[in-house]
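Heads up: the structure comes next, in structure tokens.
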Amino acid sequence: MVEFTLDGRPATASEGELLVHAAARQGVFIPTLCHDDKLEPYGGCRMCVVDVEGAPRPMPACATRVAPGMVVSTNGSTTDFRRTLTEMLLTEHLDPNPGGRPNELTDLAQELGAEAPFILPDAKREPYEDRNKLMGYEPDSCILCNRCVRYTQEVMQCSALSLEGRGGEARIVPTWGKSWLDTECELCGGCLSVCPTGALHEKFLTGADVEESALTKVKTTCTFCGVGCQLDLNVDPATDRIVKVTSEPHYVSNEGNLCVKGRFSFNFVHHPDRLTEPLVRGEDGELHPATWEQALQVAADGIKGVIARHGTQAVGFLASARLTNEENYLIQKLARNGVGTNSVHSCEAT
Amino acid sequence: MDVLALTPLLAELPTERTHLLDNLGRIRREVGPITPELSDALANHMNLRLGDVHEVVSFYSFLQVPVTTYRVCTGPICDCAGSRKLLEQDGAMEVPCLGHCDLAPVATRGDTILPGGEDRPVTYATSVGPALGLEQADESLTDYERRGGLAVLRALPTAQRIVEELKAAGLAGYGGAGFPTGLKWESLLREPAPRVLVVNADEGEPGTIKDRYVMELRPHLLLEGTLIAMRALDCPEGYIYLREEYATARARLLAAIEELRAAGLLDGLTLDLVVGAGAYIAGEETGMLESMEGRRAMPRLKPPFPTQFGHLGRPTLINNVETLAHIPAILQNGGAWWAALGRDGSSGTRLWSISGAVARPGCYEAPNGITLRELIDDHAGGATEEIGAIVPGGAASGILPPDALDVPLTRDALREYGSGVGSAAVQVFPRSYPVLRLLSETMRFFAEESCQKCTPCRIGNRALHHLFEQLEHGEAVMPRWQVDEWLLAMEKTSICGLGQASPIPVRNAMRIWPELFAPLDGVVST
């Protein structure tokens, strides 16, 4: 435990804790734009600078670890710096809302009363077009916080986005400006989940006029595989349809990370062909709704019939990739003990 | 096709990431400009992510252009000398200061420097100097030894003794920041060995030519200083990070290193040259470390300082070329001797790069504490035009009015002007060169060279460039109070010296020539 002083009051932090976290636990919120708990401290946007006694200049709270006896002030001169830095970022922030995602920069600008005094003559960046249907990128909304690139490097360990160039020409692009589909990108959408301004966004939401704050979040478990990622279905209350899928950094098992299926493959939920109840094929050759008891009975009878005619080795079990380890265990139990066959497989194995 | 040409070369290229910049430089020279395909092939060879190499290639100015590109210096001195004319040539590339301001305007094609844009020899203008002796070039190690060279290295005092002498001398780093060298060495000694030495030879501060003079005229002197540091501070590994544009210095250093190796003076040590690829910010010490480790030269957050966590995390001493070159003389004659060379309360001598509207632009060793008038009149042959403004020590050091000609050039005396000695690159601008143009060009330089990492530097410098360009037309894009706020935010919240120092010349000019900024007072609000 480390003792320090925060805005004139005694405070404590754990060993090596970042100032921004320690302050948050004491109820002092320090705004950040380039910081993300999943990533290594970066200290680029400078929005979180605070005064630390004895330091020659303000220190970034997102990259400074609390030291014993540190005297920190978050409400002195540094609040003016926040407004100035926000003004600066606005001078090249041409498109504040490309994909309906919340924009941390414009929210901050509103709170601080910051406006751009002018637009930089070189603010306009080359537009980016990509043939994938899931993720869009609006370079004119990017504030070069580099969160997305660092996410691909530090979390996904892949090469999908790069921070290209230097000075006013610096910009974020998919590696060598290729289409994402031609990079190592797996379209997991992690980059857009960390983007503070919506420059990276769900492409299918472009022009959809969706306000994230109006959506209802329904927490659930992803059904696509056994990992059990926790996610939020973002439902539009007006239409009762899922608009997009998000996940929170504190969710167990996936820590807010998702794969392309979990984040983008939710359309099946509303698909007219989706099965919502058991169906049994009748004498007429058509499928008819049935109860689970009826359906399972039909399946059991069918298996028993095959065993009676051809023996137990004629039966095999193929388990769905969506099952968990425990469910797969039960399937092999059913196959080996219940039926007496060793022909059991899960498509997760391939 | 170019990837096929790369295949035989690839087998020779080391795969450690620290060799990335070097590998890219070799591919550029031996195969051609780095294309995405070449970059990807190298990334696969070195087992790096494709994007990591893409990020590095795009960061440096020269990796994607042919070696033979005609590069024109657009630094303020060359701009003032009419370098815009040279840009009219087909395929000409604008580059920041090439470090040959004494020959302005300059261009280069490949490794050849073209003074005035023409193919004529590079000349040196210098004077007799007590510590560095640049007046006479050393052609070989024999030349150097004949003048008393290597005496200190061959009878090396203890590290403690050296630190004491450096402190007695009052030697402060000549790269621009002026940190006391003795203290830096002492703080390195507190960290565990083995340590690393990096020589900062990435001279790039506009107007500064001194390190080039040392390396081209007396390479062995720099190397003796370097080896003294490596032996005394237990640094088995040493690196000289040299800017790409200094081809002559590169050749001279490589030859001199071979001579020292043959003489057995490198036994037990490795001393390698790392050649940059066109990025001013790689001269910032932590940017340099990042560059050497095969990443974009984006400065690190400090603390920790390089002496604590430097090259590959090891304790690292980074010293400027000129700083190290002074050390043999200091140890030979004693710190007190060297200190007494200074004037007006300052210690020692230093190299003053003088360029612009003077008769004999060049690089002169003269005491710290000398005045601008003495430098211009006694060393550089006098002014050739009525002086309008003087930049005393590189782009970020500030701007002085002509009435400062008799102020001693010391940190304390210049503080009154809100300016500093910086890298001692005195640039004399004639009255005919508009101050707003000087400011605008200076800010353009900073904007283009900003690594982009932090907001105040990345946007602040571009905004100031825009502001001064508009002011040249008498238009104000923001009110004065807001300019002041932005300057303060740049100074206080930028990560490294680039953004922290670029407000200095702006504030100087606003104070000296308030009438130029009058339009800013007319803006009521935004």
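As shown in the structure tokens, the chain order sets the letters A, B, ...; within each chain, residues go from 1, and ligands are also counted from 1 in the order they appear.
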Which residues of chain B come within 8 Å of chain A, and for each one, what is the closest pair of atoms and their distance in Å to one decimal, counting only C-alpha atoms, sorted by chain and residue number, as CSV?
residue,atom,partner,partner_atom,distance
B:Pro36,CA,A:Trp176,CA,6.4
B:Arg49,CA,A:Ser159,CA,5.8
B:Leu50,CA,A:Ser159,CA,6.0
B:Gly51,CA,A:Ser159,CA,5.0
B:Asp52,CA,A:Ser162,CA,7.3
B:His54,CA,A:Trp176,CA,6.4
B:Glu55,CA,A:Glu164,CA,5.3
B:Ser58,CA,A:Gly165,CA,4.7
B:Phe59,CA,A:Gly165,CA,4.6
B:Tyr60,CA,A:Gly165,CA,7.6
B:Leu301,CA,A:Gly43,CA,7.4
B:Ala447,CA,A:Gly167,CA,5.6
B:Glu448,CA,A:Gly167,CA,4.5
B:Glu449,CA,A:Gly167,CA,5.6
B:Ser450,CA,A:Gly167,CA,4.7
B:Cys451,CA,A:Arg166,CA,5.3
B:Gln452,CA,A:Gly167,CA,5.3
B:Lys453,CA,A:Gly44,CA,5.3
B:Cys454,CA,A:Gly44,CA,4.4
B:Thr455,CA,A:Cys45,CA,5.2
B:Pro456,CA,A:Leu85,CA,6.5
B:Arg458,CA,A:Gly167,CA,6.2
B:Ile459,CA,A:Met88,CA,6.1
B:Gly460,CA,A:Met88,CA,6.9
B:Arg462,CA,A:Gly168,CA,7.1
B:Ala463,CA,A:Leu120,CA,6.7
B:His466,CA,A:Leu120,CA,7.3
B:Val477,CA,A:Phe118,CA,6.7
B:Met478,CA,A:Pro117,CA,6.0
B:Glu485,CA,A:Thr84,CA,7.0
B:Trp486,CA,A:Thr84,CA,6.3
B:Ala489,CA,A:Phe81,CA,5.7
B:Lys492,CA,A:Arg57,CA,5.7
B:Thr493,CA,A:Arg46,CA,6.4
B:Ser494,CA,A:Arg46,CA,7.6
B:Ile495,CA,A:Gly44,CA,7.9
B:Thr526,CA,A:Pro117,CA,5.3
Residues at most 8 Å from A:Phe266, counting only C-alpha atoms, excluding those fewer than 6 positions away in the same chain, as number ranges by chain?
A: 242, 244-245
All alpha helix (DSSP H) positions in stretch 29-273 of chain A, as an MDAnalysis selection string
chainID A and resid 78:90 104:112 147:150 190:194 260:264
Filtered DSSP result for stretch 230-321 of chain A, state strand (DSSP E), as a ChimeraX atom specification:
/A:230-236,241-246,279-281,287-289,317-319
Neighbouring residues of B:Thr248 were defined as those with any atom within 12 Å, considering only C-alpha atoms; residues of the same chain fewer than 3 positions away were excluded. Please report them as JSON, numbers by chain.
{"B": [100, 110, 111, 112, 113, 121, 122, 212, 213, 214, 215, 216, 217, 219, 242, 243, 244, 245, 251, 252, 253, 254, 255]}
Could you save those same residues with N, CA, C and O atoms as an mmCIF file, in the first residue's frame?
data_model
loop_
_atom_site.group_PDB
_atom_site.id
_atom_site.type_symbol
_atom_site.label_atom_id
_atom_site.label_comp_id
_atom_site.auth_asym_id
_atom_site.auth_seq_id
_atom_site.Cartn_x
_atom_site.Cartn_y
_atom_site.Cartn_z
ATOM 1 N N HIS B 100 24.751 21.735 -43.873
ATOM 2 C CA HIS B 100 25.828 22.370 -44.647
ATOM 3 C C HIS B 100 25.486 23.848 -44.852
ATOM 4 O O HIS B 100 25.657 24.399 -45.945
ATOM 5 N N GLY B 110 22.472 11.602 -54.026
ATOM 6 C CA GLY B 110 23.160 10.457 -53.436
ATOM 7 C C GLY B 110 24.029 10.930 -52.297
ATOM 8 O O GLY B 110 23.601 11.705 -51.442
ATOM 9 N N ASP B 111 25.290 10.530 -52.305
ATOM 10 C CA ASP B 111 26.196 10.904 -51.228
ATOM 11 C C ASP B 111 26.957 12.186 -51.529
ATOM 12 O O ASP B 111 27.829 12.589 -50.775
ATOM 13 N N THR B 112 26.629 12.821 -52.648
ATOM 14 C CA THR B 112 27.390 14.005 -53.040
ATOM 15 C C THR B 112 26.680 15.289 -52.621
ATOM 16 O O THR B 112 25.521 15.508 -52.958
ATOM 17 N N ILE B 113 27.404 16.114 -51.881
ATOM 18 C CA ILE B 113 26.862 17.412 -51.481
ATOM 19 C C ILE B 113 27.082 18.396 -52.617
ATOM 20 O O ILE B 113 28.170 18.451 -53.208
ATOM 21 N N PRO B 121 33.560 21.310 -54.778
ATOM 22 C CA PRO B 121 34.008 20.700 -53.527
ATOM 23 C C PRO B 121 33.442 21.373 -52.277
ATOM 24 O O PRO B 121 33.144 22.571 -52.283
ATOM 25 N N VAL B 122 33.304 20.555 -51.235
ATOM 26 C CA VAL B 122 32.879 21.062 -49.934
ATOM 27 C C VAL B 122 34.093 21.696 -49.271
ATOM 28 O O VAL B 122 35.157 21.086 -49.215
ATOM 29 N N ARG B 212 29.465 17.705 -37.769
ATOM 30 C CA ARG B 212 29.964 17.289 -39.080
ATOM 31 C C ARG B 212 31.432 17.723 -39.239
ATOM 32 O O ARG B 212 32.271 16.952 -39.695
ATOM 33 N N TYR B 213 31.726 18.960 -38.847
ATOM 34 C CA TYR B 213 33.105 19.445 -38.925
ATOM 35 C C TYR B 213 34.039 18.530 -38.128
ATOM 36 O O TYR B 213 35.103 18.150 -38.604
ATOM 37 N N VAL B 214 33.634 18.181 -36.903
ATOM 38 C CA VAL B 214 34.489 17.323 -36.071
ATOM 39 C C VAL B 214 34.706 15.979 -36.758
ATOM 40 O O VAL B 214 35.839 15.509 -36.890
ATOM 41 N N MET B 215 33.603 15.372 -37.234
ATOM 42 C CA MET B 215 33.714 14.018 -37.791
ATOM 43 C C MET B 215 34.476 13.998 -39.110
ATOM 44 O O MET B 215 35.166 13.042 -39.418
ATOM 45 N N GLU B 216 34.333 15.083 -39.888
ATOM 46 C CA GLU B 216 35.008 15.098 -41.177
ATOM 47 C C GLU B 216 36.472 15.514 -41.057
ATOM 48 O O GLU B 216 37.318 15.052 -41.805
ATOM 49 N N LEU B 217 36.758 16.396 -40.086
ATOM 50 C CA LEU B 217 38.124 16.899 -39.970
ATOM 51 C C LEU B 217 38.954 16.121 -38.951
ATOM 52 O O LEU B 217 40.135 15.900 -39.158
ATOM 53 N N PRO B 219 38.068 12.877 -37.097
ATOM 54 C CA PRO B 219 37.283 11.718 -36.633
ATOM 55 C C PRO B 219 37.947 10.979 -35.475
ATOM 56 O O PRO B 219 37.252 10.485 -34.583
ATOM 57 N N LEU B 242 24.493 8.030 -36.646
ATOM 58 C CA LEU B 242 24.867 9.091 -37.577
ATOM 59 C C LEU B 242 23.739 9.360 -38.549
ATOM 60 O O LEU B 242 23.123 8.430 -39.081
ATOM 61 N N ARG B 243 23.487 10.639 -38.837
ATOM 62 C CA ARG B 243 22.400 10.926 -39.786
ATOM 63 C C ARG B 243 22.815 10.481 -41.187
ATOM 64 O O ARG B 243 23.988 10.559 -41.565
ATOM 65 N N GLU B 244 21.835 10.071 -41.950
ATOM 66 C CA GLU B 244 22.093 9.471 -43.265
ATOM 67 C C GLU B 244 22.766 10.441 -44.207
ATOM 68 O O GLU B 244 23.586 10.061 -45.048
ATOM 69 N N GLU B 245 22.455 11.726 -44.051
ATOM 70 C CA GLU B 245 22.930 12.731 -44.994
ATOM 71 C C GLU B 245 24.431 12.993 -44.891
ATOM 72 O O GLU B 245 25.018 13.600 -45.778
ATOM 73 N N ALA B 251 32.105 7.870 -44.086
ATOM 74 C CA ALA B 251 33.302 7.237 -44.647
ATOM 75 C C ALA B 251 34.516 7.489 -43.756
ATOM 76 O O ALA B 251 35.324 6.587 -43.504
ATOM 77 N N ARG B 252 34.646 8.716 -43.263
ATOM 78 C CA ARG B 252 35.802 9.045 -42.433
ATOM 79 C C ARG B 252 35.774 8.275 -41.110
ATOM 80 O O ARG B 252 36.792 7.791 -40.638
ATOM 81 N N LEU B 253 34.586 8.164 -40.522
ATOM 82 C CA LEU B 253 34.486 7.429 -39.257
ATOM 83 C C LEU B 253 34.799 5.951 -39.464
ATOM 84 O O LEU B 253 35.523 5.336 -38.678
ATOM 85 N N LEU B 254 34.237 5.376 -40.536
ATOM 86 C CA LEU B 254 34.467 3.948 -40.770
ATOM 87 C C LEU B 254 35.954 3.675 -40.957
ATOM 88 O O LEU B 254 36.500 2.712 -40.393
ATOM 89 N N ALA B 255 36.624 4.555 -41.708
ATOM 90 C CA ALA B 255 38.055 4.365 -41.939
ATOM 91 C C ALA B 255 38.822 4.511 -40.628
ATOM 92 O O ALA B 255 39.738 3.713 -40.328
#
Sorted by chain and rising residue number, which residues of stretch 14-109 of chain B lie within 8 Å of stretch 341-365 of chain B, and what are their closest atom pairs and distances in Å to one decimal, counting only C-alpha atoms, as CSV?
residue,atom,partner,partner_atom,distance
B:Ile77,CA,B:Gly356,CA,5.8
B:Cys80,CA,B:Gly356,CA,7.8
B:Ala81,CA,B:Gly356,CA,7.7
B:Cys101,CA,B:Ser355,CA,5.8
B:Asp102,CA,B:Pro361,CA,4.8
B:Leu103,CA,B:Pro361,CA,7.7
B:Ala104,CA,B:Gly356,CA,7.9
Could those selected residues go to a file with C-alpha atoms, as a compact mmCIF listing (two decimals), in the first residue's frame?
# COMPACT_ATOMS: atom_id res chain seq x y z
CA ILE B 77 19.29 29.54 -43.94
CA CYS B 80 16.90 32.63 -47.09
CA ALA B 81 19.69 31.90 -49.59
CA CYS B 101 24.49 25.85 -43.87
CA ASP B 102 27.96 27.33 -44.45
CA LEU B 103 27.52 26.44 -48.13
CA ALA B 104 23.88 27.52 -48.50
Between A:Leu279, A:Cys195, A:Val2, A:Leu287, single out the one closest to A:Arg101, counting only C-alpha atoms.
A:Cys195
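Minimum distance to A:Arg65 across B:Pro303, B:Pro206, B:Gly116, B:Gly388 (counting only C-alpha atoms) occurs at B:Pro303.
For the pair atom CA of B:Ala340 and atom CA of B:Lys167, the interatomic distance is 13.1 Å.
For A:Asn267, the list of residues within 12 Å, based on only C-alpha atoms and with local chain neighbours fewer than 6 positions off taken out, reads Phe204, Leu233, Arg241, Ile242, Val243, Lys244, Val245, Lys261, Asp273 and Arg274 of chain A.
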From atom CA of B:Thr323 to atom CA of B:Asp202 the spacing works out at 13.5 Å
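The spacing separating atom CA of A:Asn75 from atom CA of A:Leu18 amounts to 17.9 Å.
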What's the 8 Å shell around B:Gly176, counting only C-alpha atoms, without same-chain residues fewer than 2 positions away, as a VMD selection string?
chain B and resid 173 to 174 178 393 421 to 424
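Distance check against A:Ala319 using only C-alpha atoms: of A:Leu231, A:Val339, A:Cys225, A:Val280, the minimum falls on A:Cys225.
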Close residues, A:Asn254 itself excluded, 10 Å, only C-alpha atoms, min 6 positions apart in chain, as a PyMOL selection string:
chain A and resi 227-231+247-248
Please provide the set of residues having any atom within 10 Å of B:Met230, restricted to only C-alpha atoms, with same-chain residues fewer than 6 positions apart removed, written as a list of chain:residue names.
B:Arg195, B:Val196, B:Leu197, B:Val198, B:Glu224, B:Pro236, B:Glu237, B:Gly238, B:Leu266, B:Leu269, B:Thr270, B:Leu271, B:Leu317
